[in-house]
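Raw model05.pdb, PDB, C-alpha atoms, pLDDT in the B column:
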ATOM      1  CA  MET A   4     -12.358  78.677  89.953  1.00 54.00           C
ATOM      2  CA  ASN A   5     -14.408  75.798  88.668  1.00 59.00           C
ATOM      3  CA  VAL A   6     -18.097  75.936  87.797  1.00 59.00           C
ATOM      4  CA  ARG A   7     -19.206  74.348  91.071  1.00 66.00           C
ATOM      5  CA  ASN A   8     -17.312  76.916  93.165  1.00 70.00           C
ATOM      6  CA  TYR A   9     -18.725  79.721  91.019  1.00 77.00           C
ATOM      7  CA  SER A  10     -22.274  78.502  91.492  1.00 90.00           C
ATOM      8  CA  MET A  11     -21.739  78.178  95.252  1.00 92.00           C
ATOM      9  CA  ALA A  12     -20.369  81.742  95.424  1.00 94.00           C
ATOM     10  CA  GLU A  13     -23.336  82.988  93.381  1.00 94.00           C
ATOM     11  CA  LYS A  14     -25.706  81.222  95.749  1.00 93.00           C
ATOM     12  CA  LEU A  15     -24.113  83.022  98.713  1.00 96.00           C
ATOM     13  CA  ILE A  16     -24.197  86.396  96.963  1.00 95.00           C
ATOM     14  CA  ASN A  17     -27.886  85.862  96.145  1.00 94.00           C
ATOM     15  CA  TYR A  18     -28.468  85.043  99.811  1.00 94.00           C
ATOM     16  CA  GLY A  19     -26.653  88.255 100.784  1.00 95.00           C
ATOM     17  CA  ARG A  20     -28.820  90.300  98.399  1.00 96.00           C
ATOM     18  CA  ARG A  21     -31.985  88.840  99.928  1.00 94.00           C
ATOM     19  CA  LYS A  22     -30.680  89.366 103.455  1.00 94.00           C
ATOM     20  CA  LEU A  23     -29.789  93.025 102.768  1.00 96.00           C
ATOM     21  CA  LYS A  24     -32.850  93.599 100.552  1.00 97.00           C
ATOM     22  CA  THR A  25     -30.715  95.026  97.763  1.00 96.00           C
ATOM     23  CA  ASP A  26     -30.025  94.261  94.128  1.00 96.00           C
ATOM     24  CA  LYS A  27     -26.364  95.286  94.339  1.00 96.00           C
ATOM     25  CA  ASN A  28     -23.885  92.435  94.097  1.00 94.00           C
ATOM     26  CA  ASP A  29     -21.077  94.552  95.604  1.00 95.00           C
ATOM     27  CA  GLU A  30     -23.002  95.143  98.816  1.00 97.00           C
ATOM     28  CA  ALA A  31     -23.989  91.484  99.005  1.00 96.00           C
ATOM     29  CA  TYR A  32     -20.406  90.343  98.373  1.00 96.00           C
ATOM     30  CA  ASN A  33     -19.073  92.680 101.088  1.00 97.00           C
ATOM     31  CA  TYR A  34     -21.687  91.392 103.517  1.00 97.00           C
ATOM     32  CA  MET A  35     -20.797  87.759 102.799  1.00 97.00           C
ATOM     33  CA  TYR A  36     -17.051  88.538 102.929  1.00 97.00           C
ATOM     34  CA  ASN A  37     -17.358  90.397 106.241  1.00 97.00           C
ATOM     35  CA  SER A  38     -19.454  87.524 107.589  1.00 97.00           C
ATOM     36  CA  GLY A  39     -16.694  85.063 106.675  1.00 97.00           C
ATOM     37  CA  PHE A  40     -18.636  83.135 104.031  1.00 97.00           C
ATOM     38  CA  LEU A  41     -16.496  84.302 101.079  1.00 96.00           C
ATOM     39  CA  ASP A  42     -12.778  85.070 100.992  1.00 95.00           C
ATOM     40  CA  LYS A  43     -11.119  88.096  99.378  1.00 93.00           C
ATOM     41  CA  ASN A  44     -10.925  86.237  96.048  1.00 92.00           C
ATOM     42  CA  GLY A  45     -14.648  85.480  96.088  1.00 91.00           C
ATOM     43  CA  LEU A  46     -14.140  81.815  96.929  1.00 93.00           C
ATOM     44  CA  VAL A  47     -16.444  80.028  99.342  1.00 95.00           C
ATOM     45  CA  THR A  48     -14.943  79.439 102.789  1.00 96.00           C
ATOM     46  CA  ARG A  49     -15.654  76.465 105.012  1.00 96.00           C
ATOM     47  CA  SER A  50     -18.245  78.579 106.842  1.00 96.00           C
ATOM     48  CA  GLY A  51     -19.812  79.409 103.492  1.00 96.00           C
ATOM     49  CA  GLN A  52     -19.978  75.718 102.625  1.00 94.00           C
ATOM     50  CA  ASN A  53     -21.738  75.037 105.921  1.00 94.00           C
ATOM     51  CA  LEU A  54     -24.256  77.817 105.255  1.00 94.00           C
ATOM     52  CA  ILE A  55     -24.964  76.392 101.797  1.00 93.00           C
ATOM     53  CA  GLN A  56     -25.648  72.981 103.321  1.00 91.00           C
ATOM     54  CA  PHE A  57     -28.244  74.547 105.631  1.00 89.00           C
ATOM     55  CA  MET A  58     -29.723  76.535 102.748  1.00 85.00           C
ATOM     56  CA  ASP A  59     -30.025  73.348 100.663  1.00 77.00           C
ATOM     57  CA  PHE A  60     -31.598  71.537 103.632  1.00 73.00           C
ATOM     58  CA  ASP A  61     -34.162  74.322 104.070  1.00 65.00           C
ATOM     59  CA  GLU A  62     -34.974  74.338 100.345  1.00 64.00           C
ATOM     60  CA  GLN A  63     -35.847  70.631 100.504  1.00 58.00           C
ATOM     61  CA  TYR A  64     -38.532  71.292 103.096  1.00 57.00           C
ATOM     62  CA  GLU A  65     -39.873  74.434 101.451  1.00 55.00           C
ATOM     63  CA  GLN A  66     -40.768  72.400  98.354  1.00 53.00           C
ATOM     64  CA  VAL A  67     -42.856  69.868 100.305  1.00 47.00           C
TER
END

Structure re-expressed in structure tokens:
Amino acid sequence: MNVRNYSMAEKLINYGRRKLKTDKNDEAYNYMYNSGFLDKNGLVTRSGQNLIQFMDFDEQYEQV
């Protein structure tokens, strides 16, 4: 796994923690895995990549 993929997976796990209102990475990972955003190896799926694009788009407008 390269650094970019790791940072994308971390971004999704952080999103899962916020969504579940927890500080536990395991719960967040399971949520993102069961939602189809991460695979069993913790790699970002195509759906996960799409979610990240929307998250990045939203972040642009939150900063304005």

Subject >> Test item: residues at most 9 Å from Glu30 (chain A), all atoms listed in the file, excluding those fewer than 5 positions along its chain, as JSON, numbers by chain >> reply: {"A": [19, 20, 23, 25, 35]}

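Between Asn44 (chain A) and the candidates A:Asn17, A:Asn8, A:Gln56, A:Lys24, the tightest atom-to-atom separation, counting all atoms listed in the file, involves A:Asn8.
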
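Reported to one decimal place, the separation of CA of Val47 (chain A) from CA of Lys27 (chain A) is 18.9 Å.
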
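When only C-alpha atoms are used to compute distances to Leu54 (chain A), the closest of the residues A:Lys22, A:Tyr34, A:Lys14, A:Asp42 turns out to be A:Lys14.
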
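Applied to this file, the PyMOL selection byres ((chain A and resi 49-51) around 12) selects Asn8, Met11, Ala12, Glu13, Lys14, Leu15, Ile16, Tyr18, Gly19, Met35, Tyr36, Asn37, Ser38, Gly39, Phe40, Leu41, Asp42, Gly45, Leu46, Val47, Thr48, Gln52, Asn53, Leu54, Ile55, Gln56, Phe57 and Met58 of chain A.
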
Completion of region 47-58 of chain A up to all heavy atoms, as a PDB file, keeping the file's coordinate frame:
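Output below, filename rebuild-v9.pdb:
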ATOM      1  N   VAL A  47     -15.635  80.435  98.196  1.00 95.00           N
ATOM      2  CA  VAL A  47     -16.444  80.028  99.342  1.00 95.00           C
ATOM      3  C   VAL A  47     -15.535  79.462 100.428  1.00 95.00           C
ATOM      4  O   VAL A  47     -14.686  78.620 100.165  1.00 95.00           O
ATOM      5  CB  VAL A  47     -17.487  78.980  98.909  1.00 95.00           C
ATOM      6  CG1 VAL A  47     -18.305  78.501 100.086  1.00 95.00           C
ATOM      7  CG2 VAL A  47     -18.385  79.547  97.829  1.00 95.00           C
ATOM      8  N   THR A  48     -15.706  79.946 101.654  1.00 96.00           N
ATOM      9  CA  THR A  48     -14.943  79.439 102.789  1.00 96.00           C
ATOM     10  C   THR A  48     -15.651  78.221 103.374  1.00 96.00           C
ATOM     11  O   THR A  48     -16.757  77.868 102.959  1.00 96.00           O
ATOM     12  CB  THR A  48     -14.826  80.512 103.890  1.00 96.00           C
ATOM     13  OG1 THR A  48     -16.137  80.812 104.371  1.00 96.00           O
ATOM     14  CG2 THR A  48     -14.163  81.787 103.371  1.00 96.00           C
ATOM     15  N   ARG A  49     -15.030  77.608 104.345  1.00 96.00           N
ATOM     16  CA  ARG A  49     -15.654  76.465 105.012  1.00 96.00           C
ATOM     17  C   ARG A  49     -16.976  76.884 105.667  1.00 96.00           C
ATOM     18  O   ARG A  49     -17.963  76.160 105.615  1.00 96.00           O
ATOM     19  CB  ARG A  49     -14.708  75.883 106.061  1.00 96.00           C
ATOM     20  CG  ARG A  49     -15.222  74.594 106.672  1.00 96.00           C
ATOM     21  CD  ARG A  49     -14.178  73.970 107.550  1.00 96.00           C
ATOM     22  NE  ARG A  49     -13.001  73.642 106.760  1.00 96.00           N
ATOM     23  CZ  ARG A  49     -12.632  72.406 106.418  1.00 96.00           C
ATOM     24  NH1 ARG A  49     -13.343  71.393 106.838  1.00 96.00           N
ATOM     25  NH2 ARG A  49     -11.578  72.191 105.687  1.00 96.00           N
ATOM     26  N   SER A  50     -16.993  78.071 106.256  1.00 96.00           N
ATOM     27  CA  SER A  50     -18.245  78.579 106.842  1.00 96.00           C
ATOM     28  C   SER A  50     -19.309  78.765 105.773  1.00 96.00           C
ATOM     29  O   SER A  50     -20.490  78.477 105.994  1.00 96.00           O
ATOM     30  CB  SER A  50     -17.999  79.911 107.548  1.00 96.00           C
ATOM     31  OG  SER A  50     -17.131  79.749 108.631  1.00 96.00           O
ATOM     32  N   GLY A  51     -18.888  79.247 104.608  1.00 96.00           N
ATOM     33  CA  GLY A  51     -19.812  79.409 103.492  1.00 96.00           C
ATOM     34  C   GLY A  51     -20.374  78.077 103.031  1.00 96.00           C
ATOM     35  O   GLY A  51     -21.556  77.960 102.715  1.00 96.00           O
ATOM     36  N   GLN A  52     -19.523  77.061 103.003  1.00 94.00           N
ATOM     37  CA  GLN A  52     -19.978  75.718 102.625  1.00 94.00           C
ATOM     38  C   GLN A  52     -21.011  75.201 103.615  1.00 94.00           C
ATOM     39  O   GLN A  52     -22.014  74.591 103.227  1.00 94.00           O
ATOM     40  CB  GLN A  52     -18.802  74.760 102.529  1.00 94.00           C
ATOM     41  CG  GLN A  52     -17.869  75.052 101.381  1.00 94.00           C
ATOM     42  CD  GLN A  52     -16.601  74.229 101.422  1.00 94.00           C
ATOM     43  OE1 GLN A  52     -16.340  73.507 102.386  1.00 94.00           O
ATOM     44  NE2 GLN A  52     -15.785  74.343 100.385  1.00 94.00           N
ATOM     45  N   ASN A  53     -20.770  75.463 104.902  1.00 94.00           N
ATOM     46  CA  ASN A  53     -21.738  75.037 105.921  1.00 94.00           C
ATOM     47  C   ASN A  53     -23.074  75.754 105.750  1.00 94.00           C
ATOM     48  O   ASN A  53     -24.135  75.140 105.869  1.00 94.00           O
ATOM     49  CB  ASN A  53     -21.185  75.287 107.326  1.00 94.00           C
ATOM     50  CG  ASN A  53     -20.057  74.352 107.671  1.00 94.00           C
ATOM     51  OD1 ASN A  53     -19.958  73.256 107.138  1.00 94.00           O
ATOM     52  ND2 ASN A  53     -19.193  74.786 108.573  1.00 94.00           N
ATOM     53  N   LEU A  54     -23.025  77.057 105.470  1.00 94.00           N
ATOM     54  CA  LEU A  54     -24.256  77.817 105.255  1.00 94.00           C
ATOM     55  C   LEU A  54     -25.026  77.259 104.055  1.00 94.00           C
ATOM     56  O   LEU A  54     -26.244  77.090 104.117  1.00 94.00           O
ATOM     57  CB  LEU A  54     -23.956  79.298 105.054  1.00 94.00           C
ATOM     58  CG  LEU A  54     -25.164  80.184 104.752  1.00 94.00           C
ATOM     59  CD1 LEU A  54     -26.194  80.129 105.877  1.00 94.00           C
ATOM     60  CD2 LEU A  54     -24.711  81.610 104.502  1.00 94.00           C
ATOM     61  N   ILE A  55     -24.309  76.943 102.986  1.00 93.00           N
ATOM     62  CA  ILE A  55     -24.964  76.392 101.797  1.00 93.00           C
ATOM     63  C   ILE A  55     -25.643  75.068 102.116  1.00 93.00           C
ATOM     64  O   ILE A  55     -26.757  74.801 101.654  1.00 93.00           O
ATOM     65  CB  ILE A  55     -23.954  76.248 100.640  1.00 93.00           C
ATOM     66  CG1 ILE A  55     -23.604  77.634 100.099  1.00 93.00           C
ATOM     67  CG2 ILE A  55     -24.512  75.371  99.528  1.00 93.00           C
ATOM     68  CD1 ILE A  55     -22.466  77.648  99.116  1.00 93.00           C
ATOM     69  N   GLN A  56     -25.019  74.245 102.938  1.00 91.00           N
ATOM     70  CA  GLN A  56     -25.648  72.981 103.321  1.00 91.00           C
ATOM     71  C   GLN A  56     -26.969  73.231 104.036  1.00 91.00           C
ATOM     72  O   GLN A  56     -27.964  72.550 103.780  1.00 91.00           O
ATOM     73  CB  GLN A  56     -24.719  72.164 104.216  1.00 91.00           C
ATOM     74  CG  GLN A  56     -23.577  71.539 103.475  1.00 91.00           C
ATOM     75  CD  GLN A  56     -22.667  70.751 104.405  1.00 91.00           C
ATOM     76  OE1 GLN A  56     -22.630  70.984 105.608  1.00 91.00           O
ATOM     77  NE2 GLN A  56     -21.927  69.828 103.833  1.00 91.00           N
ATOM     78  N   PHE A  57     -26.998  74.223 104.937  1.00 89.00           N
ATOM     79  CA  PHE A  57     -28.244  74.547 105.631  1.00 89.00           C
ATOM     80  C   PHE A  57     -29.265  75.132 104.670  1.00 89.00           C
ATOM     81  O   PHE A  57     -30.455  74.835 104.774  1.00 89.00           O
ATOM     82  CB  PHE A  57     -27.994  75.512 106.789  1.00 89.00           C
ATOM     83  CG  PHE A  57     -27.400  74.848 107.981  1.00 89.00           C
ATOM     84  CD1 PHE A  57     -26.082  75.107 108.347  1.00 89.00           C
ATOM     85  CD2 PHE A  57     -28.127  73.961 108.747  1.00 89.00           C
ATOM     86  CE1 PHE A  57     -25.521  74.482 109.451  1.00 89.00           C
ATOM     87  CE2 PHE A  57     -27.586  73.338 109.859  1.00 89.00           C
ATOM     88  CZ  PHE A  57     -26.275  73.606 110.205  1.00 89.00           C
ATOM     89  N   MET A  58     -28.803  75.959 103.725  1.00 85.00           N
ATOM     90  CA  MET A  58     -29.723  76.535 102.748  1.00 85.00           C
ATOM     91  C   MET A  58     -30.335  75.429 101.894  1.00 85.00           C
ATOM     92  O   MET A  58     -31.539  75.442 101.641  1.00 85.00           O
ATOM     93  CB  MET A  58     -28.983  77.545 101.863  1.00 85.00           C
ATOM     94  CG  MET A  58     -28.584  78.808 102.597  1.00 85.00           C
ATOM     95  SD  MET A  58     -27.390  79.821 101.719  1.00 85.00           S
ATOM     96  CE  MET A  58     -28.128  80.054 100.135  1.00 85.00           C
TER      97      MET A  58
END
